[in-house]
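Notes follow once the structure below has been shown.
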Amino acid sequence: MKQYCEMNREELIAEKEALTKRFEEYKAMGLSLDMSRGKPSKDQLDLSMELLKYSNYIEDGIDLRNYGILDGIPSCKRLFAELLEVEPENILLGPNASLSIMFDYIAQAYSHGVCGSKPWNQVKNIKFLCPVPGYDRHFTILEYFNIEMINVPMNSDGPDVDLIEELIKDESVKGMFCVPKYSNPQGITYSDEVVRRIASLKPAAEDFRIIWDNAYCVHELYDEGDTLLNIFDVLPEYGNDDMVIEVCSTSKMTFAGAGISALAASKNNIEDIKRRLNCQTISFDKMNQYRHVRFFKNADGIKNHMKKHAAIMRPKFEMVLGHLENELGGKGIASWVKPKGGYFISLDVMNGCAKRTGELCKEAGVTLTTVGATYPYFNDPNDSNIRIAPSLPPVEELDLAAQILCVSVRIACVEKFLEEKEQ
């Protein structure tokens, strides 16, 4: 088939008629299919039911049901230290979601500053850098605190570091959010060069902090996944030990609503955060920390467990990617990344067609992540990016949802070409 840009008006009309017929058949099914968020499926959650069997809550003579141990029980700190390749003293355990850790850290910096710096709420026109397309929850946190967000385009090996180096010359730029491995939504892993350049940044703001959201650190789809350079191995080379706050969680390893979050940071940052925690809480859920240690045992146990997740996730990703290739490939209207891990597929359609695609999907009973959500303020300047979340739906539902998505993309693009020809 010709690329759509090569078709004349009559060919485009014929294509739209054929696609509309298919679309109406899908609509008639009365479907309700959800590809909106990266939730683990029931099959994935069932993998961790054994976690609930551990009932002995005494560790090293300490009753874990009681108050105390603010930064987490030692065995669980060692588990995350091994996973993230840092020392246990550089680990602090948190509540069930890393999102809470990130929100609390920004709130702390905003109200009280960072390691003795001026509180961010006393800084005029405070700004944060946001690689795009990116994670909508990062943007939501920043918008809550009225922190201006600056787009930094993603390249195939990570964010545009040339632009970052220019932007951080502004002292009001206080930080950056990153998802360095299997980025949300593109599934890109930062190259060693990009990690090194980020580690070597010399921002004008001494309290500049990078939130290194390593949410998908062990979320491979294949045995040969991507490798991410440990930024904490590189930071000391440039005297930037305090610049990075790394977070992760077990939310997509065990139970999404009842996991453990962890933060890795320098000694100075850990002490600064613990001063706030002393006012905020007595301790987080130590019994849950204990259960996770007994369930996983060590970092290899986590990685082996994640292979079971991959066996469930991989066919779903391959199904969606297969539909994209079969339906959209060679037509000059869409592009996408084939990730080796993570939770999303990022689809870029022809400029000006993403919102229309979302409308058509909704009409046919398919819920997508709100179009535009992968950019700050829901403002995708090209109206082109769509985030696909294949994890939650059963395979049969996902199959139908992917077909409807592809037909919707094609209709939206045909309409765009017809509109242009009529101008």
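In the structure tokens, the first chain shown is A, the next is B, and so on; residue numbers restart at 1 for each chain, and ligands run from 1 in the order shown.
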
Handout entry: Sel. of strand (DSSP E or B) residues, range 247-402 of chain A, as JSON, numbers by chain
Key = {"A": [247, 248, 249, 261, 262, 263, 264, 334, 335, 336, 341, 345, 346, 347, 348, 349, 366, 367, 368, 385, 386, 387, 388]}

Exercise for the section: Write out as number ranges by chain all residues of range 213-402 of chain A that backbone DSSP assigns to alpha helix (DSSP H). Expected result: A: 231-234, 267-280, 286-296, 299-328, 354-363, 395-402

Completion exercise
Taken to one decimal, the CA of Ile345 in chain A-CA of Ser261 in chain A distance is 24.4 Å

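Excluding Ala256 in chain A itself and same-chain residues fewer than 5 positions from it, the residues having an atom within 9 Å of it are Lys39, Pro40, Leu45, Asn96, Ala97, Thr250 and Ser251 of chain A, counting only C-alpha atoms.
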
Write to file, as an mmCIF file, in the first residue's frame, the residues of the selection just made, with N, CA, C and O atoms.
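What ended up in selection_20.cif:
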data_model
loop_
_atom_site.group_PDB
_atom_site.id
_atom_site.type_symbol
_atom_site.label_atom_id
_atom_site.label_comp_id
_atom_site.auth_asym_id
_atom_site.auth_seq_id
_atom_site.Cartn_x
_atom_site.Cartn_y
_atom_site.Cartn_z
ATOM 1 N N LYS A 39 -0.879 -0.649 35.310
ATOM 2 C CA LYS A 39 -1.182 -1.496 36.456
ATOM 3 C C LYS A 39 -0.772 -2.935 36.164
ATOM 4 O O LYS A 39 -1.012 -3.434 35.062
ATOM 5 N N PRO A 40 -0.201 -3.632 37.144
ATOM 6 C CA PRO A 40 0.030 -5.069 36.963
ATOM 7 C C PRO A 40 -1.299 -5.800 36.801
ATOM 8 O O PRO A 40 -2.310 -5.418 37.407
ATOM 9 N N LEU A 45 -0.055 -10.038 39.932
ATOM 10 C CA LEU A 45 -0.249 -9.897 41.382
ATOM 11 C C LEU A 45 -0.287 -11.259 42.070
ATOM 12 O O LEU A 45 0.216 -11.422 43.186
ATOM 13 N N ASN A 96 4.497 2.662 50.722
ATOM 14 C CA ASN A 96 4.283 1.665 49.668
ATOM 15 C C ASN A 96 4.641 2.156 48.278
ATOM 16 O O ASN A 96 4.837 1.357 47.367
ATOM 17 N N ALA A 97 4.745 3.475 48.061
ATOM 18 C CA ALA A 97 4.962 3.977 46.699
ATOM 19 C C ALA A 97 6.086 4.999 46.656
ATOM 20 O O ALA A 97 6.166 5.889 47.512
ATOM 21 N N THR A 250 8.824 -1.652 45.108
ATOM 22 C CA THR A 250 8.410 -3.002 44.697
ATOM 23 C C THR A 250 6.992 -2.986 44.127
ATOM 24 O O THR A 250 6.384 -4.040 43.960
ATOM 25 N N SER A 251 6.449 -1.801 43.824
ATOM 26 C CA SER A 251 5.052 -1.696 43.404
ATOM 27 C C SER A 251 4.714 -2.583 42.217
ATOM 28 O O SER A 251 3.620 -3.131 42.135
#

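For Glu166 in chain A, the list of residues within 12 Å, based on only C-alpha atoms and with local chain neighbours fewer than 2 positions off taken out, reads A:Leu129, A:Val152, A:Asp160, A:Val161, A:Asp162, A:Leu163, A:Ile164, A:Ile168, A:Lys169, A:Asp170, A:Glu171, A:Val173, A:Leu201, A:Lys202, A:Pro203, A:Ala204.
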
Problem - Option closest in space to Lys2 in chain A, from A:Ile333, A:Ile211, A:Met350, A:Ile58 [counting only C-alpha atoms] - result: A:Ile333

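Comparing the minimum interatomic distances between Gly332 in chain A and each of A:Gln403, A:Cys5, A:Lys174, A:Gly239, counting only C-alpha atoms, we find that A:Cys5 sits nearest.
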
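Closest approach to Ala311 in chain A from the set A:Asp399, A:Glu6, A:Glu82, A:Glu220 is made by A:Glu220, with distances taken over only C-alpha atoms.
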
Please identify every residue of range 119-230 of chain A that has at least one atom no farther than 10 Å from an atom of range 365-374 of chain A, counting only C-alpha atoms, and for each give the shortest atom pair and the distance in Å to one decimal, arranged by chain then increasing number, as a tab-separated table.
residue	atom	partner	partner_atom	distance
A:Pro131	CA	A:Thr374	CA	9.7
A:Val132	CA	A:Thr374	CA	6.9
A:Pro133	CA	A:Thr374	CA	4.9
A:Gly134	CA	A:Thr374	CA	4.9
A:Tyr135	CA	A:Thr374	CA	5.9
A:Asp136	CA	A:Thr374	CA	5.5
A:Arg137	CA	A:Ala373	CA	9.1
A:His138	CA	A:Thr374	CA	9.9
A:Phe139	CA	A:Thr374	CA	8.7
A:Thr140	CA	A:Ala373	CA	9.7
A:Asn184	CA	A:Thr374	CA	8.5
A:Pro185	CA	A:Thr374	CA	7.6

Problem - Pairwise distance for CA of Glu396 in chain A and CA of Gly322 in chain A, rounded to one decimal in Å - result: 14.4 Å

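Distances from A:Gly358, A:Cys76, A:Met154, A:Met29 to Tyr375 in chain A were compared using only C-alpha atoms, and the smallest one belongs to A:Met154.
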
So that I can see what lies close to Tyr343 in chain A, please list as a PDB file with all heavy atoms, in the first residue's frame the residues with an atom at most 9 Å from it, counting only C-alpha atoms and leaving out residues fewer than 5 positions away in the same chain.
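This went into out-v5.pdb:
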ATOM      1  N   GLY A  38      -0.333   1.851  33.832  1.00  0.00           N
ATOM      2  CA  GLY A  38       0.547   0.697  33.931  1.00  0.00           C
ATOM      3  C   GLY A  38       0.306  -0.116  35.179  1.00  0.00           C
ATOM      4  O   GLY A  38       1.208  -0.274  36.016  1.00  0.00           O
ATOM      5  N   LYS A  39      -0.879  -0.649  35.310  1.00  0.00           N
ATOM      6  CA  LYS A  39      -1.182  -1.496  36.456  1.00  0.00           C
ATOM      7  C   LYS A  39      -0.772  -2.935  36.164  1.00  0.00           C
ATOM      8  O   LYS A  39      -1.012  -3.434  35.062  1.00  0.00           O
ATOM      9  CB  LYS A  39      -2.686  -1.475  36.759  1.00  0.00           C
ATOM     10  CG  LYS A  39      -3.231  -0.168  37.272  1.00  0.00           C
ATOM     11  CD  LYS A  39      -4.722  -0.314  37.570  1.00  0.00           C
ATOM     12  CE  LYS A  39      -5.312   0.965  38.112  1.00  0.00           C
ATOM     13  NZ  LYS A  39      -6.770   0.824  38.389  1.00  0.00           N
ATOM     14  N   TYR A 182      14.431   2.255  30.932  1.00  0.00           N
ATOM     15  CA  TYR A 182      13.112   1.990  30.339  1.00  0.00           C
ATOM     16  C   TYR A 182      12.173   3.162  30.640  1.00  0.00           C
ATOM     17  O   TYR A 182      11.135   3.016  31.283  1.00  0.00           O
ATOM     18  CB  TYR A 182      12.539   0.667  30.848  1.00  0.00           C
ATOM     19  CG  TYR A 182      13.437  -0.519  30.592  1.00  0.00           C
ATOM     20  CD1 TYR A 182      13.701  -1.456  31.596  1.00  0.00           C
ATOM     21  CD2 TYR A 182      14.039  -0.711  29.356  1.00  0.00           C
ATOM     22  CE1 TYR A 182      14.530  -2.545  31.362  1.00  0.00           C
ATOM     23  CE2 TYR A 182      14.874  -1.795  29.115  1.00  0.00           C
ATOM     24  CZ  TYR A 182      15.116  -2.708  30.118  1.00  0.00           C
ATOM     25  OH  TYR A 182      15.936  -3.795  29.891  1.00  0.00           O
ATOM     26  N   SER A 183      12.567   4.323  30.162  1.00  0.00           N
ATOM     27  CA  SER A 183      11.860   5.568  30.463  1.00  0.00           C
ATOM     28  C   SER A 183      10.368   5.449  30.183  1.00  0.00           C
ATOM     29  O   SER A 183       9.944   4.730  29.287  1.00  0.00           O
ATOM     30  CB  SER A 183      12.446   6.716  29.636  1.00  0.00           C
ATOM     31  OG  SER A 183      12.182   6.521  28.248  1.00  0.00           O
ATOM     32  N   ASN A 184       9.611   6.168  30.994  1.00  0.00           N
ATOM     33  CA  ASN A 184       8.158   6.233  30.850  1.00  0.00           C
ATOM     34  C   ASN A 184       7.843   7.464  29.996  1.00  0.00           C
ATOM     35  O   ASN A 184       8.118   8.592  30.418  1.00  0.00           O
ATOM     36  CB  ASN A 184       7.538   6.369  32.242  1.00  0.00           C
ATOM     37  CG  ASN A 184       6.030   6.450  32.238  1.00  0.00           C
ATOM     38  OD1 ASN A 184       5.394   6.580  31.216  1.00  0.00           O
ATOM     39  ND2 ASN A 184       5.439   6.418  33.433  1.00  0.00           N
ATOM     40  N   PRO A 185       7.337   7.315  28.756  1.00  0.00           N
ATOM     41  CA  PRO A 185       6.749   6.102  28.186  1.00  0.00           C
ATOM     42  C   PRO A 185       7.590   5.393  27.118  1.00  0.00           C
ATOM     43  O   PRO A 185       7.180   4.358  26.607  1.00  0.00           O
ATOM     44  CB  PRO A 185       5.491   6.671  27.517  1.00  0.00           C
ATOM     45  CG  PRO A 185       5.941   8.000  26.986  1.00  0.00           C
ATOM     46  CD  PRO A 185       6.922   8.521  28.000  1.00  0.00           C
ATOM     47  N   GLY A 187      10.524   3.800  26.928  1.00  0.00           N
ATOM     48  CA  GLY A 187      11.295   2.574  27.132  1.00  0.00           C
ATOM     49  C   GLY A 187      12.762   2.722  26.793  1.00  0.00           C
ATOM     50  O   GLY A 187      13.457   1.740  26.528  1.00  0.00           O
ATOM     51  N   TYR A 216      11.923   1.157  36.958  1.00  0.00           N
ATOM     52  CA  TYR A 216      11.933  -0.083  36.168  1.00  0.00           C
ATOM     53  C   TYR A 216      13.324  -0.719  36.145  1.00  0.00           C
ATOM     54  O   TYR A 216      13.741  -1.298  35.157  1.00  0.00           O
ATOM     55  CB  TYR A 216      11.441   0.213  34.745  1.00  0.00           C
ATOM     56  CG  TYR A 216      10.142   0.990  34.757  1.00  0.00           C
ATOM     57  CD1 TYR A 216      10.084   2.312  34.339  1.00  0.00           C
ATOM     58  CD2 TYR A 216       8.976   0.409  35.264  1.00  0.00           C
ATOM     59  CE1 TYR A 216       8.899   3.036  34.412  1.00  0.00           C
ATOM     60  CE2 TYR A 216       7.796   1.123  35.340  1.00  0.00           C
ATOM     61  CZ  TYR A 216       7.762   2.430  34.905  1.00  0.00           C
ATOM     62  OH  TYR A 216       6.585   3.147  34.988  1.00  0.00           O
ATOM     63  N   HIS A 219      12.912  -4.443  35.481  1.00  0.00           N
ATOM     64  CA  HIS A 219      11.684  -4.801  34.758  1.00  0.00           C
ATOM     65  C   HIS A 219      11.995  -5.115  33.301  1.00  0.00           C
ATOM     66  O   HIS A 219      11.565  -4.444  32.367  1.00  0.00           O
ATOM     67  CB  HIS A 219      10.665  -3.674  34.877  1.00  0.00           C
ATOM     68  CG  HIS A 219      10.204  -3.452  36.282  1.00  0.00           C
ATOM     69  ND1 HIS A 219      11.034  -2.997  37.288  1.00  0.00           N
ATOM     70  CD2 HIS A 219       8.993  -3.630  36.857  1.00  0.00           C
ATOM     71  CE1 HIS A 219      10.351  -2.909  38.415  1.00  0.00           C
ATOM     72  NE2 HIS A 219       9.111  -3.288  38.189  1.00  0.00           N
ATOM     73  N   MET A 313       4.280 -10.465  30.682  1.00  0.00           N
ATOM     74  CA  MET A 313       4.262  -9.179  29.980  1.00  0.00           C
ATOM     75  C   MET A 313       4.725  -9.271  28.525  1.00  0.00           C
ATOM     76  O   MET A 313       4.178  -8.585  27.647  1.00  0.00           O
ATOM     77  CB  MET A 313       5.162  -8.193  30.726  1.00  0.00           C
ATOM     78  CG  MET A 313       4.644  -7.778  32.079  1.00  0.00           C
ATOM     79  SD  MET A 313       3.429  -6.455  31.949  1.00  0.00           S
ATOM     80  CE  MET A 313       4.526  -5.067  31.715  1.00  0.00           C
ATOM     81  N   PHE A 317       3.319  -7.222  25.069  1.00  0.00           N
ATOM     82  CA  PHE A 317       4.069  -6.210  24.328  1.00  0.00           C
ATOM     83  C   PHE A 317       4.237  -6.619  22.872  1.00  0.00           C
ATOM     84  O   PHE A 317       4.054  -5.804  21.956  1.00  0.00           O
ATOM     85  CB  PHE A 317       5.438  -5.996  24.978  1.00  0.00           C
ATOM     86  CG  PHE A 317       5.441  -4.954  26.062  1.00  0.00           C
ATOM     87  CD1 PHE A 317       4.863  -5.210  27.295  1.00  0.00           C
ATOM     88  CD2 PHE A 317       6.019  -3.714  25.852  1.00  0.00           C
ATOM     89  CE1 PHE A 317       4.848  -4.248  28.295  1.00  0.00           C
ATOM     90  CE2 PHE A 317       6.023  -2.745  26.846  1.00  0.00           C
ATOM     91  CZ  PHE A 317       5.435  -3.015  28.071  1.00  0.00           C
ATOM     92  N   ILE A 388       0.870   3.819  25.484  1.00  0.00           N
ATOM     93  CA  ILE A 388       0.130   2.559  25.512  1.00  0.00           C
ATOM     94  C   ILE A 388       0.599   1.751  26.712  1.00  0.00           C
ATOM     95  O   ILE A 388       1.795   1.552  26.916  1.00  0.00           O
ATOM     96  CB  ILE A 388       0.369   1.749  24.226  1.00  0.00           C
ATOM     97  CG1 ILE A 388      -0.002   2.583  22.993  1.00  0.00           C
ATOM     98  CG2 ILE A 388      -0.420   0.443  24.247  1.00  0.00           C
ATOM     99  CD1 ILE A 388       0.453   1.952  21.687  1.00  0.00           C
ATOM    100  N   ALA A 389      -0.364   1.278  27.514  1.00  0.00           N
ATOM    101  CA  ALA A 389      -0.057   0.474  28.702  1.00  0.00           C
ATOM    102  C   ALA A 389      -0.630  -0.932  28.506  1.00  0.00           C
ATOM    103  O   ALA A 389      -1.819  -1.159  28.733  1.00  0.00           O
ATOM    104  CB  ALA A 389      -0.653   1.126  29.945  1.00  0.00           C
ATOM    105  N   PRO A 390       0.188  -1.902  28.088  1.00  0.00           N
ATOM    106  CA  PRO A 390      -0.332  -3.235  27.760  1.00  0.00           C
ATOM    107  C   PRO A 390      -0.538  -4.174  28.944  1.00  0.00           C
ATOM    108  O   PRO A 390      -1.070  -5.272  28.757  1.00  0.00           O
ATOM    109  CB  PRO A 390       0.755  -3.823  26.830  1.00  0.00           C
ATOM    110  CG  PRO A 390       1.718  -2.725  26.556  1.00  0.00           C
ATOM    111  CD  PRO A 390       1.594  -1.771  27.698  1.00  0.00           C
ATOM    112  N   SER A 391      -0.136  -3.790  30.161  1.00  0.00           N
ATOM    113  CA  SER A 391      -0.020  -4.770  31.245  1.00  0.00           C
ATOM    114  C   SER A 391      -1.342  -5.285  31.790  1.00  0.00           C
ATOM    115  O   SER A 391      -1.486  -6.478  32.046  1.00  0.00           O
ATOM    116  CB  SER A 391       0.800  -4.171  32.398  1.00  0.00           C
ATOM    117  OG  SER A 391       0.182  -2.981  32.878  1.00  0.00           O
TER     118      SER A 391
END

Fill in the blank from the handout: In terms of only C-alpha atoms, the residue from A:Gly116, A:Asp383, A:Lys274, A:Met1 at minimal distance from Asn326 in chain A is A:Met1

Could you build a table of the residues in range 28-92 of chain A lying no more than 10 Å from range 276-286 of chain A, giving for each the nearest pair of atoms and their separation in Å rounded to one decimal place, using only C-alpha atoms, ordered by chain and ascending residue number, as a Markdown table?
| residue | atom | partner | partner_atom | distance |
| --- | --- | --- | --- | --- |
| A:Tyr57 | CA | A:Lys286 | CA | 8.7 |
| A:Asp63 | CA | A:Lys286 | CA | 9.4 |
| A:Leu64 | CA | A:Lys286 | CA | 5.6 |
| A:Arg65 | CA | A:Lys286 | CA | 7.1 |
| A:Asn66 | CA | A:Lys286 | CA | 8.6 |
| A:Tyr67 | CA | A:Ile282 | CA | 6.1 |
| A:Gly68 | CA | A:Ser283 | CA | 5.5 |
| A:Ile69 | CA | A:Ser283 | CA | 6.1 |
| A:Leu70 | CA | A:Ser283 | CA | 4.5 |
| A:Asp71 | CA | A:Ser283 | CA | 7.2 |
| A:Gly72 | CA | A:Lys286 | CA | 6.7 |
| A:Ile73 | CA | A:Lys286 | CA | 6.5 |
| A:Cys76 | CA | A:Lys286 | CA | 9.0 |

Store the residues picked out above in a file with N, CA and C atoms, as a short mmCIF file (atom, residue, chain, number, x, y, z; two decimals), in the first residue's frame.
data_model
loop_
_atom_site.label_atom_id
_atom_site.label_comp_id
_atom_site.auth_asym_id
_atom_site.auth_seq_id
_atom_site.Cartn_x
_atom_site.Cartn_y
_atom_site.Cartn_z
N TYR A 57 7.32 -11.89 63.24
CA TYR A 57 7.74 -10.51 63.09
C TYR A 57 8.75 -10.08 64.13
N ASP A 63 10.82 -6.36 67.98
CA ASP A 63 9.44 -6.62 67.60
C ASP A 63 9.03 -5.61 66.53
N LEU A 64 8.91 -6.09 65.29
CA LEU A 64 8.67 -5.20 64.16
C LEU A 64 7.24 -4.66 64.14
N ARG A 65 6.40 -5.15 65.02
CA ARG A 65 5.03 -4.64 65.10
C ARG A 65 4.96 -3.31 65.85
N ASN A 66 6.05 -2.94 66.48
CA ASN A 66 6.04 -1.77 67.36
C ASN A 66 6.63 -0.55 66.65
N TYR A 67 6.70 0.58 67.36
CA TYR A 67 7.28 1.80 66.83
C TYR A 67 8.79 1.63 66.62
N GLY A 68 9.37 2.58 65.88
CA GLY A 68 10.82 2.66 65.81
C GLY A 68 11.41 2.22 64.48
N ILE A 69 12.73 2.40 64.38
CA ILE A 69 13.53 2.11 63.18
C ILE A 69 13.01 2.96 62.01
N LEU A 70 13.25 4.24 62.11
CA LEU A 70 12.72 5.24 61.20
C LEU A 70 13.07 5.00 59.74
N ASP A 71 14.32 4.59 59.49
CA ASP A 71 14.78 4.48 58.10
C ASP A 71 14.65 3.08 57.52
N GLY A 72 14.04 2.13 58.26
CA GLY A 72 13.83 0.79 57.73
C GLY A 72 14.67 -0.26 58.41
N ILE A 73 14.18 -1.49 58.40
CA ILE A 73 14.90 -2.56 59.11
C ILE A 73 16.19 -2.91 58.34
N CYS A 76 16.19 -5.28 55.20
CA CYS A 76 15.55 -4.75 54.00
C CYS A 76 16.41 -3.65 53.37
#

Mind running range 149-182 of chain A against range 188-195 of chain A at 8 Å and telling me each contacting residue's nearest atom pair with the distance in Å (one decimal), counting only C-alpha atoms, chain and number ascending, as a Markdown table?
| residue | atom | partner | partner_atom | distance |
| --- | --- | --- | --- | --- |
| A:Ser156 | CA | A:Ile188 | CA | 6.7 |
| A:Asp157 | CA | A:Tyr190 | CA | 5.1 |
| A:Gly158 | CA | A:Tyr190 | CA | 4.6 |
| A:Pro159 | CA | A:Val194 | CA | 7.7 |
| A:Val161 | CA | A:Val194 | CA | 7.0 |
| A:Pro180 | CA | A:Tyr190 | CA | 5.4 |
| A:Lys181 | CA | A:Thr189 | CA | 4.3 |
| A:Tyr182 | CA | A:Ile188 | CA | 4.7 |

Saved selection, atoms kept: all heavy atoms, as a PDB file, in the first residue's frame:
ATOM      1  N   SER A 156      17.458   9.218  21.399  1.00  0.00           N
ATOM      2  CA  SER A 156      17.419   7.760  21.451  1.00  0.00           C
ATOM      3  C   SER A 156      18.245   7.192  22.596  1.00  0.00           C
ATOM      4  O   SER A 156      18.081   6.031  22.970  1.00  0.00           O
ATOM      5  CB  SER A 156      17.909   7.168  20.120  1.00  0.00           C
ATOM      6  OG  SER A 156      19.251   7.560  19.872  1.00  0.00           O
ATOM      7  N   ASP A 157      19.143   8.007  23.185  1.00  0.00           N
ATOM      8  CA  ASP A 157      19.991   7.523  24.281  1.00  0.00           C
ATOM      9  C   ASP A 157      19.768   8.283  25.577  1.00  0.00           C
ATOM     10  O   ASP A 157      20.567   8.195  26.506  1.00  0.00           O
ATOM     11  CB  ASP A 157      21.467   7.601  23.880  1.00  0.00           C
ATOM     12  CG  ASP A 157      21.931   9.024  23.591  1.00  0.00           C
ATOM     13  OD1 ASP A 157      21.066   9.934  23.466  1.00  0.00           O
ATOM     14  OD2 ASP A 157      23.159   9.244  23.483  1.00  0.00           O
ATOM     15  N   GLY A 158      18.665   9.057  25.646  1.00  0.00           N
ATOM     16  CA  GLY A 158      18.386   9.810  26.858  1.00  0.00           C
ATOM     17  C   GLY A 158      18.075  11.262  26.539  1.00  0.00           C
ATOM     18  O   GLY A 158      17.966  11.646  25.379  1.00  0.00           O
ATOM     19  N   PRO A 159      17.926  12.095  27.580  1.00  0.00           N
ATOM     20  CA  PRO A 159      17.557  13.491  27.348  1.00  0.00           C
ATOM     21  C   PRO A 159      18.677  14.275  26.669  1.00  0.00           C
ATOM     22  O   PRO A 159      19.848  13.889  26.718  1.00  0.00           O
ATOM     23  CB  PRO A 159      17.276  14.018  28.758  1.00  0.00           C
ATOM     24  CG  PRO A 159      18.042  13.134  29.665  1.00  0.00           C
ATOM     25  CD  PRO A 159      18.060  11.783  29.011  1.00  0.00           C
ATOM     26  N   VAL A 161      21.326  16.424  26.569  1.00  0.00           N
ATOM     27  CA  VAL A 161      22.204  16.967  27.609  1.00  0.00           C
ATOM     28  C   VAL A 161      22.791  18.312  27.198  1.00  0.00           C
ATOM     29  O   VAL A 161      23.074  19.166  28.046  1.00  0.00           O
ATOM     30  CB  VAL A 161      23.323  15.967  27.976  1.00  0.00           C
ATOM     31  CG1 VAL A 161      24.113  16.474  29.179  1.00  0.00           C
ATOM     32  CG2 VAL A 161      22.743  14.596  28.313  1.00  0.00           C
ATOM     33  N   PRO A 180      15.597   6.844  34.232  1.00  0.00           N
ATOM     34  CA  PRO A 180      16.790   6.549  33.433  1.00  0.00           C
ATOM     35  C   PRO A 180      16.810   5.178  32.764  1.00  0.00           C
ATOM     36  O   PRO A 180      17.564   4.972  31.813  1.00  0.00           O
ATOM     37  CB  PRO A 180      17.917   6.671  34.453  1.00  0.00           C
ATOM     38  CG  PRO A 180      17.266   6.292  35.750  1.00  0.00           C
ATOM     39  CD  PRO A 180      15.873   6.841  35.677  1.00  0.00           C
ATOM     40  N   LYS A 181      16.024   4.246  33.277  1.00  0.00           N
ATOM     41  CA  LYS A 181      15.994   2.914  32.654  1.00  0.00           C
ATOM     42  C   LYS A 181      14.568   2.602  32.214  1.00  0.00           C
ATOM     43  O   LYS A 181      13.637   2.682  33.004  1.00  0.00           O
ATOM     44  CB  LYS A 181      16.497   1.839  33.630  1.00  0.00           C
ATOM     45  CG  LYS A 181      16.627   0.461  32.961  1.00  0.00           C
ATOM     46  CD  LYS A 181      17.311  -0.557  33.864  1.00  0.00           C
ATOM     47  CE  LYS A 181      17.470  -1.899  33.135  1.00  0.00           C
ATOM     48  NZ  LYS A 181      18.096  -2.920  34.002  1.00  0.00           N
ATOM     49  N   TYR A 182      14.431   2.255  30.932  1.00  0.00           N
ATOM     50  CA  TYR A 182      13.112   1.990  30.339  1.00  0.00           C
ATOM     51  C   TYR A 182      12.173   3.162  30.640  1.00  0.00           C
ATOM     52  O   TYR A 182      11.135   3.016  31.283  1.00  0.00           O
ATOM     53  CB  TYR A 182      12.539   0.667  30.848  1.00  0.00           C
ATOM     54  CG  TYR A 182      13.437  -0.519  30.592  1.00  0.00           C
ATOM     55  CD1 TYR A 182      13.701  -1.456  31.596  1.00  0.00           C
ATOM     56  CD2 TYR A 182      14.039  -0.711  29.356  1.00  0.00           C
ATOM     57  CE1 TYR A 182      14.530  -2.545  31.362  1.00  0.00           C
ATOM     58  CE2 TYR A 182      14.874  -1.795  29.115  1.00  0.00           C
ATOM     59  CZ  TYR A 182      15.116  -2.708  30.118  1.00  0.00           C
ATOM     60  OH  TYR A 182      15.936  -3.795  29.891  1.00  0.00           O
TER      61      TYR A 182
END
